[in-house]
Every structure is written in C-alpha cells, then in structure tokens.
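Novice: mmCIF, C-alpha atoms, file my_file-v4.cif:
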data_model
loop_
_atom_site.group_PDB
_atom_site.id
_atom_site.type_symbol
_atom_site.label_atom_id
_atom_site.label_comp_id
_atom_site.auth_asym_id
_atom_site.auth_seq_id
_atom_site.Cartn_x
_atom_site.Cartn_y
_atom_site.Cartn_z
ATOM 1 C CA MET A 1 88.054 127.760 102.119
ATOM 2 C CA ALA A 2 86.701 124.537 100.624
ATOM 3 C CA ARG A 3 83.650 123.039 102.284
ATOM 4 C CA PRO A 4 84.287 119.640 103.891
ATOM 5 C CA ARG A 5 82.649 116.668 102.206
ATOM 6 C CA LYS A 6 79.546 115.549 104.021
ATOM 7 C CA PHE A 7 79.683 111.904 102.941
ATOM 8 C CA ASP A 8 81.889 108.880 103.387
ATOM 9 C CA GLU A 9 83.903 108.660 100.173
ATOM 10 C CA GLU A 10 85.014 105.082 100.883
ATOM 11 C CA ARG A 11 81.441 103.929 101.390
ATOM 12 C CA ALA A 12 80.363 105.696 98.192
ATOM 13 C CA LEU A 13 83.189 103.951 96.336
ATOM 14 C CA ASP A 14 82.139 100.542 97.720
ATOM 15 C CA THR A 15 78.529 101.178 96.720
ATOM 16 C CA ALA A 16 79.520 102.271 93.214
ATOM 17 C CA MET A 17 81.708 99.179 92.911
ATOM 18 C CA ARG A 18 78.696 96.992 93.672
ATOM 19 C CA VAL A 19 76.570 98.787 91.056
ATOM 20 C CA PHE A 20 79.233 98.382 88.360
ATOM 21 C CA TRP A 21 79.702 94.763 89.414
ATOM 22 C CA GLU A 22 75.977 94.019 89.068
ATOM 23 C CA ARG A 23 75.320 95.974 85.854
ATOM 24 C CA GLY A 24 78.609 96.508 84.058
ATOM 25 C CA TYR A 25 80.117 99.818 83.054
ATOM 26 C CA GLU A 26 78.034 100.649 79.979
ATOM 27 C CA ALA A 27 74.694 99.718 81.547
ATOM 28 C CA THR A 28 75.338 101.853 84.640
ATOM 29 C CA SER A 29 74.173 105.433 84.295
ATOM 30 C CA THR A 30 75.291 108.369 86.394
ATOM 31 C CA GLN A 31 71.747 108.447 87.763
ATOM 32 C CA ASP A 32 72.095 104.808 88.837
ATOM 33 C CA LEU A 33 75.211 105.797 90.780
ATOM 34 C CA CYS A 34 73.410 108.776 92.338
ATOM 35 C CA ASP A 35 70.481 106.590 93.376
ATOM 36 C CA ALA A 36 72.714 103.892 94.862
ATOM 37 C CA THR A 37 75.085 106.202 96.729
ATOM 38 C CA GLY A 38 72.523 108.832 97.709
ATOM 39 C CA LEU A 39 74.799 111.489 96.246
ATOM 40 C CA GLY A 40 73.913 114.223 93.804
ATOM 41 C CA ARG A 41 75.619 114.521 90.443
ATOM 42 C CA SER A 42 77.690 117.453 91.625
ATOM 43 C CA SER A 43 79.055 115.456 94.575
ATOM 44 C CA ILE A 44 79.958 112.554 92.307
ATOM 45 C CA TYR A 45 81.639 114.781 89.726
ATOM 46 C CA ASN A 46 83.406 116.939 92.331
ATOM 47 C CA THR A 47 84.801 113.858 94.065
ATOM 48 C CA PHE A 48 85.382 111.413 91.228
ATOM 49 C CA GLN A 49 85.547 113.746 88.173
ATOM 50 C CA SER A 50 83.605 111.386 85.905
ATOM 51 C CA LYS A 51 81.751 108.110 85.741
ATOM 52 C CA HIS A 52 84.845 106.594 84.137
ATOM 53 C CA ASP A 53 87.144 107.825 86.910
ATOM 54 C CA LEU A 54 84.759 106.414 89.497
ATOM 55 C CA PHE A 55 84.712 103.103 87.617
ATOM 56 C CA GLU A 56 88.510 102.915 87.457
ATOM 57 C CA ARG A 57 88.757 103.555 91.194
ATOM 58 C CA ALA A 58 86.032 100.996 91.939
ATOM 59 C CA LEU A 59 87.743 98.421 89.698
ATOM 60 C CA ALA A 60 91.119 99.029 91.388
ATOM 61 C CA ARG A 61 89.505 98.608 94.808
ATOM 62 C CA TYR A 62 87.827 95.371 93.742
ATOM 63 C CA LEU A 63 91.001 93.925 92.215
ATOM 64 C CA ASP A 64 93.087 94.817 95.268
ATOM 65 C CA THR A 65 90.546 93.275 97.638
ATOM 66 C CA MET A 66 90.200 90.037 95.671
ATOM 67 C CA THR A 67 93.898 89.589 94.996
ATOM 68 C CA LEU A 68 94.839 90.254 98.627
ATOM 69 C CA ALA A 69 92.311 87.613 99.727
ATOM 70 C CA GLN A 70 93.816 85.117 97.296
ATOM 71 C CA THR A 71 97.432 85.821 98.167
ATOM 72 C CA ALA A 72 96.649 85.576 101.894
ATOM 73 C CA VAL A 73 95.566 81.962 101.340
ATOM 74 C CA LEU A 74 98.590 81.216 99.179
ATOM 75 C CA ASP A 75 101.041 82.787 101.642
ATOM 76 C CA ASP A 76 100.227 80.296 104.409
ATOM 77 C CA VAL A 77 103.642 78.610 104.254
ATOM 78 C CA GLU A 78 102.834 76.264 107.145
ATOM 79 C CA ARG A 79 100.713 74.220 104.695
ATOM 80 C CA PRO A 80 101.894 72.228 101.667
ATOM 81 C CA ALA A 81 101.527 74.195 98.444
ATOM 82 C CA ALA A 82 98.870 71.879 97.002
ATOM 83 C CA ASP A 83 96.720 72.441 100.106
ATOM 84 C CA ARG A 84 97.054 76.202 99.604
ATOM 85 C CA VAL A 85 95.971 75.901 95.973
ATOM 86 C CA ARG A 86 93.011 73.730 97.007
ATOM 87 C CA ALA A 87 92.095 76.336 99.667
ATOM 88 C CA LEU A 88 92.224 79.065 97.009
ATOM 89 C CA LEU A 89 89.883 77.156 94.709
ATOM 90 C CA THR A 90 87.541 76.471 97.639
ATOM 91 C CA GLN A 91 87.574 80.192 98.445
ATOM 92 C CA VAL A 92 86.598 81.017 94.851
ATOM 93 C CA VAL A 93 83.732 78.498 94.899
ATOM 94 C CA GLU A 94 82.545 79.877 98.267
ATOM 95 C CA SER A 95 82.656 83.478 97.054
ATOM 96 C CA GLU A 96 80.647 82.562 93.965
ATOM 97 C CA ALA A 97 77.999 80.932 96.158
ATOM 98 C CA GLU A 98 77.832 84.084 98.307
ATOM 99 C CA CYS A 99 77.791 86.652 95.475
ATOM 100 C CA ARG A 100 74.308 86.251 94.108
ATOM 101 C CA ILE A 101 71.843 89.017 93.338
ATOM 102 C CA GLY A 102 68.073 89.011 93.727
ATOM 103 C CA SER A 103 67.405 86.744 90.752
ATOM 104 C CA GLY A 104 69.897 84.218 92.060
ATOM 105 C CA ARG A 105 72.249 85.104 89.193
ATOM 106 C CA ALA A 106 75.919 85.072 90.091
ATOM 107 C CA LEU A 107 77.776 88.344 89.815
ATOM 108 C CA GLY A 108 80.878 86.611 88.562
ATOM 109 C CA CYS A 109 84.065 88.615 88.868
ATOM 110 C CA LEU A 110 84.191 92.341 88.183
ATOM 111 C CA GLY A 111 87.666 91.843 86.723
ATOM 112 C CA VAL A 112 86.587 89.085 84.338
ATOM 113 C CA ASN A 113 83.415 90.998 83.472
ATOM 114 C CA THR A 114 85.521 94.064 82.651
ATOM 115 C CA VAL A 115 87.869 92.049 80.426
ATOM 116 C CA VAL A 116 84.852 90.913 78.421
ATOM 117 C CA GLU A 117 83.107 94.302 78.331
ATOM 118 C CA LEU A 118 85.937 96.818 78.066
ATOM 119 C CA GLY A 119 89.323 95.087 77.947
ATOM 120 C CA ALA A 120 90.089 95.676 74.282
ATOM 121 C CA ARG A 121 88.828 99.253 74.074
ATOM 122 C CA ASP A 122 89.538 100.908 77.412
ATOM 123 C CA PRO A 123 93.271 101.470 77.961
ATOM 124 C CA GLY A 124 92.844 102.459 81.620
ATOM 125 C CA ALA A 125 90.838 99.365 82.504
ATOM 126 C CA ALA A 126 93.160 97.167 80.424
ATOM 127 C CA ALA A 127 96.215 98.505 82.269
ATOM 128 C CA ALA A 128 94.619 97.876 85.677
ATOM 129 C CA LEU A 129 93.673 94.345 84.645
ATOM 130 C CA GLU A 130 97.159 93.625 83.283
ATOM 131 C CA ARG A 131 98.777 94.805 86.534
ATOM 132 C CA ASP A 132 96.418 92.640 88.568
ATOM 133 C CA THR A 133 96.983 89.590 86.360
ATOM 134 C CA ALA A 134 100.756 89.994 86.668
ATOM 135 C CA ARG A 135 100.453 90.209 90.455
ATOM 136 C CA ARG A 136 98.290 87.088 90.681
ATOM 137 C CA LEU A 137 100.448 85.114 88.257
ATOM 138 C CA ALA A 138 103.519 85.950 90.345
ATOM 139 C CA ALA A 139 101.790 84.628 93.477
ATOM 140 C CA TYR A 140 100.577 81.525 91.650
ATOM 141 C CA ARG A 141 104.066 80.884 90.275
ATOM 142 C CA VAL A 142 105.586 81.113 93.761
ATOM 143 C CA VAL A 143 103.148 78.544 95.143
ATOM 144 C CA MET A 144 103.757 76.222 92.179
ATOM 145 C CA GLU A 145 107.513 76.449 92.753
ATOM 146 C CA ALA A 146 106.941 75.725 96.457
ATOM 147 C CA GLY A 147 104.839 72.727 95.476
ATOM 148 C CA ARG A 148 107.658 71.377 93.390
ATOM 149 C CA ARG A 149 110.027 71.745 96.349
ATOM 150 C CA ASP A 150 107.707 70.181 98.934
ATOM 151 C CA GLY A 151 106.564 67.448 96.526
ATOM 152 C CA SER A 152 102.864 68.291 96.804
ATOM 153 C CA ILE A 153 102.531 69.493 93.179
ATOM 154 C CA THR A 154 103.753 66.776 90.875
ATOM 155 C CA ALA A 155 102.545 67.870 87.421
ATOM 156 C CA SER A 156 105.329 67.868 84.847
ATOM 157 C CA ARG A 157 104.473 71.335 83.499
ATOM 158 C CA ALA A 158 106.659 74.329 84.336
ATOM 159 C CA PRO A 159 105.572 76.587 87.224
ATOM 160 C CA ASP A 160 104.765 79.409 84.763
ATOM 161 C CA ALA A 161 102.423 77.158 82.800
ATOM 162 C CA LEU A 162 100.785 75.881 85.993
ATOM 163 C CA ALA A 163 100.335 79.460 87.215
ATOM 164 C CA ARG A 164 98.535 80.365 83.990
ATOM 165 C CA PHE A 165 96.440 77.197 84.243
ATOM 166 C CA LEU A 166 95.408 78.139 87.790
ATOM 167 C CA ASN A 167 94.579 81.679 86.654
ATOM 168 C CA ALA A 168 92.416 80.317 83.833
ATOM 169 C CA THR A 169 90.723 77.900 86.239
ATOM 170 C CA VAL A 170 89.824 80.695 88.663
ATOM 171 C CA ALA A 171 88.437 82.828 85.813
ATOM 172 C CA GLY A 172 86.598 79.811 84.418
ATOM 173 C CA LEU A 173 84.977 79.087 87.771
ATOM 174 C CA ARG A 174 83.705 82.652 87.923
ATOM 175 C CA VAL A 175 82.356 82.627 84.361
ATOM 176 C CA SER A 176 80.762 79.201 84.875
ATOM 177 C CA SER A 177 79.065 80.442 88.019
ATOM 178 C CA GLN A 178 77.774 83.508 86.222
ATOM 179 C CA GLY A 179 76.434 81.219 83.514
ATOM 180 C CA GLY A 180 74.387 79.321 86.098
ATOM 181 C CA ALA A 181 76.633 76.433 87.122
ATOM 182 C CA ALA A 182 75.604 74.866 90.427
ATOM 183 C CA ARG A 183 77.975 74.750 93.372
ATOM 184 C CA ALA A 184 78.544 71.010 92.834
ATOM 185 C CA ASP A 185 79.614 71.724 89.263
ATOM 186 C CA LEU A 186 82.089 74.365 90.437
ATOM 187 C CA GLU A 187 83.480 71.973 93.038
ATOM 188 C CA ALA A 188 83.955 69.335 90.336
ATOM 189 C CA ILE A 189 85.861 71.831 88.165
ATOM 190 C CA ALA A 190 88.088 72.712 91.117
ATOM 191 C CA GLU A 191 88.773 69.039 91.868
ATOM 192 C CA THR A 192 89.568 68.336 88.222
ATOM 193 C CA ALA A 193 92.060 71.202 88.277
ATOM 194 C CA MET A 194 93.671 69.726 91.373
ATOM 195 C CA ASP A 195 93.864 66.353 89.604
ATOM 196 C CA ALA A 196 95.829 68.061 86.809
ATOM 197 C CA MET A 197 98.315 69.542 89.270
ATOM 198 C CA VAL A 198 98.624 66.508 91.529
ATOM 199 C CA PRO A 199 98.174 63.589 89.081
#
What would the structure in this file look like if it were written as structure tokens?
Specialist:
Amino acid sequence: MARPRKFDEERALDTAMRVFWERGYEATSTQDLCDATGLGRSSIYNTFQSKHDLFERALARYLDTMTLAQTAVLDDVERPAADRVRALLTQVVESEAECRIGSGRALGCLGVNTVVELGARDPGAAAALERDTARRLAAYRVVMEAGRRDGSITASRAPDALARFLNATVAGLRVSSQGGAARADLEAIAETAMDAMVP
C-alpha cells in the first residue's frame, strides 16, 4: 500500500510557480525548489517526476489563472466592449504594480518570460504557450466583434488584427514593466492602445 503524501501538492505547485516566475527555468535549481517548497528531492521527483515536469505544470497553472482573469473581465457583456478592453488593460497595469520582488523589479509575465527563455527550444512549453495564445486571441476577437456591433470600437482594422494588437499590447506592458517602466508609463501605453481602437 502506497504511503499517503504528507504535503499539499497544490501549495507546492504554487510555490514552485513563484520560484520559476522570479528566476526563470534555467536559473532555478532542484535545490531552489526544495528550499522554497520545504520538500526533499525524493518528494519532488516522486510527485512531479522531474524539474521540467514541475515547470510545465506550474506554467499551465499560471497561464490558466491569468487567462481566466482576463476572460472574466472581457465576458462582462453588460458593459460596452471598449470598456471591457479598457478594464483588461487596467487589470494588467494593476497586476504589474502588484507583482514586484524585493528589489522592486517587476516579475513580468511567466508566459512572456518563457517565450523569451524557452519558446524556440522547448516543445512542451511552446505547445502550452500556443494553446494559451489561441485561447486569449479567441476571447480578444469576440470582444472586438462585440465592439463593432455596439459601436464602441471604431478602428477600421479587422477584429483578428485588433485581437493580435491587443495581445501584443498586453505582452508589451508586461515586458515594459519588467524593464523598469513606471506605472504612469504603463498607463500611457494602455491609453495609447485605446486611442488606436477608439480613434
């Protein structure tokens, strides 16, 4: 009979996610994960098989959490579409202000960080990122189409192009924050994006 696990696997996964988010995949050692989670190597390997498996699960958890938060804002059909897009950009700026580590450096986005670090050479991470991007683009496209119908998004570009523009804006906000941009700078980027969609 297998012995029951004596730790909270979900909490360990959340903690590992934070470590990968702060340091990146390559710079995180198994010992770093042991120290952060309080687990021994055998517990980590018995539960998650490998550092890479743990990373893939942590990345999937992060992407699901972030995308669900974004789509929840966009799904508020009681508001005009442009207001929902503005609320999304405000949410991104807020989250960047909140996600700072001891030095005051922004964590950025684990998804964007992973694209830069591993995207071209890690098929598992690339597949997870592609699935997440497709999901977000679909949600962005729906809100752009709604904006066309309710008249709140008046840009002449097609909804697909506007969805990709919004996706690039969100990623750009996160990278800018990680590079040291002040909150006022991020707010200005968000407002400029809105100007492009509601000229």
Novice: Could you pull out every residue with an atom within 10 Å of (78.8, 101.5, 94.9), file coordinates, counting all atoms listed in the file, and send them as a list in words?
Specialist: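 Final list of nearby residues, as requested, is Glu10, Arg11, Ala12, Leu13, Asp14, Thr15, Ala16, Met17, Arg18, Val19, Phe20, Trp21, Glu22, Asp32, Leu33, Cys34, Asp35, Ala36, Thr37, Leu54, Phe55 and Ala58 of chain A.
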Novice: So how many Å separate CA of Tyr25 (chain A) and CA of Ala190 (chain A), to one decimal?
Specialist: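 Result for CA of Tyr25 (chain A) versus CA of Ala190 (chain A): 29.4 Å, one decimal.
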Novice: Specify as an NGL selection string each residue included when the PyMOL selection byres ((chain A and resi 60) around 12) is applied to this file.
Specialist: :A and (13-14 or 17 or 53-59 or 61-68 or 110-111 or 114 or 124-132)
Novice: Expand the PyMOL selection byres ((chain A and resi 175-188) around 10) into the explicit residue set it covers here, and present it as a PyMOL selection string.
Specialist: chain A and resi 89-90+92-94+96-97+99-100+104-109+112-113+169-174+189-194
Novice: Can you measure CA of Arg164 (chain A) to CA of Arg141 (chain A) for me? One decimal in Å is fine.
Specialist: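 Separation of CA of Arg164 (chain A) and CA of Arg141 (chain A): 8.4 Å.
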Novice: Just the number, please: distance in Å from CA of Leu118 (chain A) to CA of Tyr45 (chain A), one decimal.
Specialist: 21.8 Å
Novice: Near Ala146 (chain A), within 12 Å and counting only C-alpha atoms, which residues show up once chain neighbours fewer than 2 positions away are dropped, as a list in words?
Specialist: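 Counting only the stated atoms, we get Leu74, Asp75, Asp76, Val77, Glu78, Arg79, Pro80, Ala81, Ala82, Asp83, Arg84, Val85, Ala139, Tyr140, Arg141, Val142, Val143, Met144, Arg148, Arg149, Asp150, Gly151, Ser152, Ile153, Thr154, Pro159 and Ala163 of chain A.
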Novice: Would you mind exporting C-alpha atoms of the selected residues as a PDB file, keeping the file's coordinate frame?
Specialist:
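Result file is out32.pdb:
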ATOM      1  CA  LEU A  74      98.590  81.216  99.179  1.00  0.00           C
ATOM      2  CA  ASP A  75     101.041  82.787 101.642  1.00  0.00           C
ATOM      3  CA  ASP A  76     100.227  80.296 104.409  1.00  0.00           C
ATOM      4  CA  VAL A  77     103.642  78.610 104.254  1.00  0.00           C
ATOM      5  CA  GLU A  78     102.834  76.264 107.145  1.00  0.00           C
ATOM      6  CA  ARG A  79     100.713  74.220 104.695  1.00  0.00           C
ATOM      7  CA  PRO A  80     101.894  72.228 101.667  1.00  0.00           C
ATOM      8  CA  ALA A  81     101.527  74.195  98.444  1.00  0.00           C
ATOM      9  CA  ALA A  82      98.870  71.879  97.002  1.00  0.00           C
ATOM     10  CA  ASP A  83      96.720  72.441 100.106  1.00  0.00           C
ATOM     11  CA  ARG A  84      97.054  76.202  99.604  1.00  0.00           C
ATOM     12  CA  VAL A  85      95.971  75.901  95.973  1.00  0.00           C
ATOM     13  CA  ALA A 139     101.790  84.628  93.477  1.00  0.00           C
ATOM     14  CA  TYR A 140     100.577  81.525  91.650  1.00  0.00           C
ATOM     15  CA  ARG A 141     104.066  80.884  90.275  1.00  0.00           C
ATOM     16  CA  VAL A 142     105.586  81.113  93.761  1.00  0.00           C
ATOM     17  CA  VAL A 143     103.148  78.544  95.143  1.00  0.00           C
ATOM     18  CA  MET A 144     103.757  76.222  92.179  1.00  0.00           C
ATOM     19  CA  ARG A 148     107.658  71.377  93.390  1.00  0.00           C
ATOM     20  CA  ARG A 149     110.027  71.745  96.349  1.00  0.00           C
ATOM     21  CA  ASP A 150     107.707  70.181  98.934  1.00  0.00           C
ATOM     22  CA  GLY A 151     106.564  67.448  96.526  1.00  0.00           C
ATOM     23  CA  SER A 152     102.864  68.291  96.804  1.00  0.00           C
ATOM     24  CA  ILE A 153     102.531  69.493  93.179  1.00  0.00           C
ATOM     25  CA  THR A 154     103.753  66.776  90.875  1.00  0.00           C
ATOM     26  CA  PRO A 159     105.572  76.587  87.224  1.00  0.00           C
ATOM     27  CA  ALA A 163     100.335  79.460  87.215  1.00  0.00           C
TER      28      ALA A 163
END
Novice: Write out as an mmCIF file with C-alpha atoms, in the frame of the given file the residues lying within 10 Å of Ile44 (chain A), counting only C-alpha atoms and excluding same-chain residues fewer than 2 positions away.
Specialist:
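Output saved as result_37.cif:
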data_model
loop_
_atom_site.group_PDB
_atom_site.id
_atom_site.type_symbol
_atom_site.label_atom_id
_atom_site.label_comp_id
_atom_site.auth_asym_id
_atom_site.auth_seq_id
_atom_site.Cartn_x
_atom_site.Cartn_y
_atom_site.Cartn_z
ATOM 1 C CA GLU A 9 83.903 108.660 100.173
ATOM 2 C CA ALA A 12 80.363 105.696 98.192
ATOM 3 C CA THR A 30 75.291 108.369 86.394
ATOM 4 C CA LEU A 33 75.211 105.797 90.780
ATOM 5 C CA CYS A 34 73.410 108.776 92.338
ATOM 6 C CA THR A 37 75.085 106.202 96.729
ATOM 7 C CA GLY A 38 72.523 108.832 97.709
ATOM 8 C CA LEU A 39 74.799 111.489 96.246
ATOM 9 C CA GLY A 40 73.913 114.223 93.804
ATOM 10 C CA ARG A 41 75.619 114.521 90.443
ATOM 11 C CA SER A 42 77.690 117.453 91.625
ATOM 12 C CA ASN A 46 83.406 116.939 92.331
ATOM 13 C CA THR A 47 84.801 113.858 94.065
ATOM 14 C CA PHE A 48 85.382 111.413 91.228
ATOM 15 C CA GLN A 49 85.547 113.746 88.173
ATOM 16 C CA SER A 50 83.605 111.386 85.905
ATOM 17 C CA LYS A 51 81.751 108.110 85.741
ATOM 18 C CA LEU A 54 84.759 106.414 89.497
#
Novice: For Arg157 (chain A), which residue out of A:Gln91, A:Asp8, A:Glu145, A:Pro123 is the nearest one, using only C-alpha atoms?
Specialist: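 So, comparing all the options, the nearest one is A:Glu145.
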